[in-house]
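**Student:** This is the structure, below, for whatever I ask next.
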Amino acid sequence: QVQLVESGGGLVQAGDSLRLSCAASGRTFSSSDMGWFRQAPGKEREFVAAISWSGGISYYADSVKGRFTISRDNAKNTVYLQMNSLKPEDTAVYYCALDRSSYSARPSISEYKYDYWGQGTQVTVSS
């Protein structure tokens, strides 16, 4: 079984930066694609970023492209989301997710492809 634990959320001002971390348990991390999603109050969960098992391929939502960076450290079983130039509209609960398919060709931007989810971490950006 895989467990994902996010950390690093908090309350910041517009223009600030945060780095989210997601630590994974289990043996599948290094062969699994990872994704970050977010859900704002009253809205559906949406894709933020995804990274391939090797770290060589990454995708971003248009709304965060150029401001957020996803990365991973397979030796530490951890995926990161560096968030710069934060805006009030980035306020949401952020979730990391793991796709248990091994060595896939490219990471998915669809939440339905991901099998395991963390509990979420709150990010609040004040104006």
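Convention: chains lettered A, B, ... in structure tokens order; per-chain residue numbering from 1; ligands numbered from 1 as shown.
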I want to know what sits within 7 Å of region 1-9 of chain A, based on only C-alpha atoms, with residues of the same chain fewer than 4 positions away left out; could you give that as a PyMOL selection string?

**Tutor:** chain A and resi 19-26+96+116-123

**Student:** So the first atom is CA of Val79 (chain A) and the second is CA of Ser54 (chain A); what is the distance between them in Å, to one decimal place?

**Tutor:** 11.6 Å

**Student:** Which of these residues is nearest to Trp36 (chain A), using only C-alpha atoms: A:Trp53, A:Tyr95, A:Tyr60, A:Phe68?

**Tutor:**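 Result for the nearest residue to Trp36 (chain A): A:Tyr95.
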
**Student:** Excluding Ala75 (chain A) and residues on its chain fewer than 2 positions from it, collect all residues at most 10 Å away from it, counting only C-alpha atoms, and give them as a PyMOL selection string.

**Tutor:** chain A and resi 29-30+72-73+77-78

**Student:** Could you jot down the CA of Met34 (chain A) to CA of Lys65 (chain A) separation for me, Å, one decimal place?

**Tutor:**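 Going from CA of Met34 (chain A) over to CA of Lys65 (chain A), I get 17.1 Å.
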
**Student:** Which one of A:Asp16, A:Glu46, A:Asp99, A:Asp62 sits closest to Met83 (chain A) if you count only C-alpha atoms?

**Tutor:** A:Asp16

**Student:** Please determine, counting only C-alpha atoms, which residue among A:Leu98, A:Ile57, A:Leu86, A:Ile109 has the shortest atom-to-atom distance to Val12 (chain A).

**Tutor:**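 Between A:Leu98, A:Ile57, A:Leu86, A:Ile109, the residue approaching Val12 (chain A) most closely is A:Leu86.
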
**Student:** Counting only C-alpha atoms, which of A:Tyr114, A:Asp33, A:Thr124, A:Thr28 gets nearest to Tyr94 (chain A)?

**Tutor:**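 Nearest to Tyr94 (chain A): A:Thr124.
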
**Student:** Using only C-alpha atoms, determine which residues lie at most 6 Å from Ala50 (chain A), disregarding the query and same-chain residues fewer than 4 positions distant; provide the list as a list in words.

**Tutor:**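 Returned residues: Met34, Gly35, Ser58 and Tyr59 of chain A.
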
**Student:** Let me make sure I understand: among A:Ser52, A:Ser127, A:Ser110, A:Gln39, which one has the smallest atom-to-atom distance to Ser85 (chain A) if we use only C-alpha atoms?

**Tutor:**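 So, comparing all the options, the nearest one is A:Ser127.
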
**Student:** As a VMD selection string, please: every residue in chain A that a backbone DSSP assignment puts in strand (DSSP E).

**Tutor:** chain A and resid 4 to 7 10 to 13 18 to 24 32 to 39 46 to 51 58 to 60 68 to 73 78 to 83 92 to 102 116 to 117 121 to 126

**Student:** Using only C-alpha atoms, find the one residue out of A:Ser32, A:Ser108, A:Ser102, A:Ser17 that sits nearest to Thr69 (chain A).

**Tutor:**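 Closest residue, counting only C-alpha atoms: A:Ser17.
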
**Student:** CA of Ser101 (chain A) and CA of Ser31 (chain A) are how many Å apart?

**Tutor:**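 Interatomic distance, CA of Ser101 (chain A) to CA of Ser31 (chain A): 7.8 Å.
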
**Student:** List the spatial neighbours of Gly56 (chain A) as number ranges by chain - criterion: any atom at most 10 Å away, only C-alpha atoms, same-chain residues fewer than 4 positions off excluded.

**Tutor:** A: 51-52, 71, 106
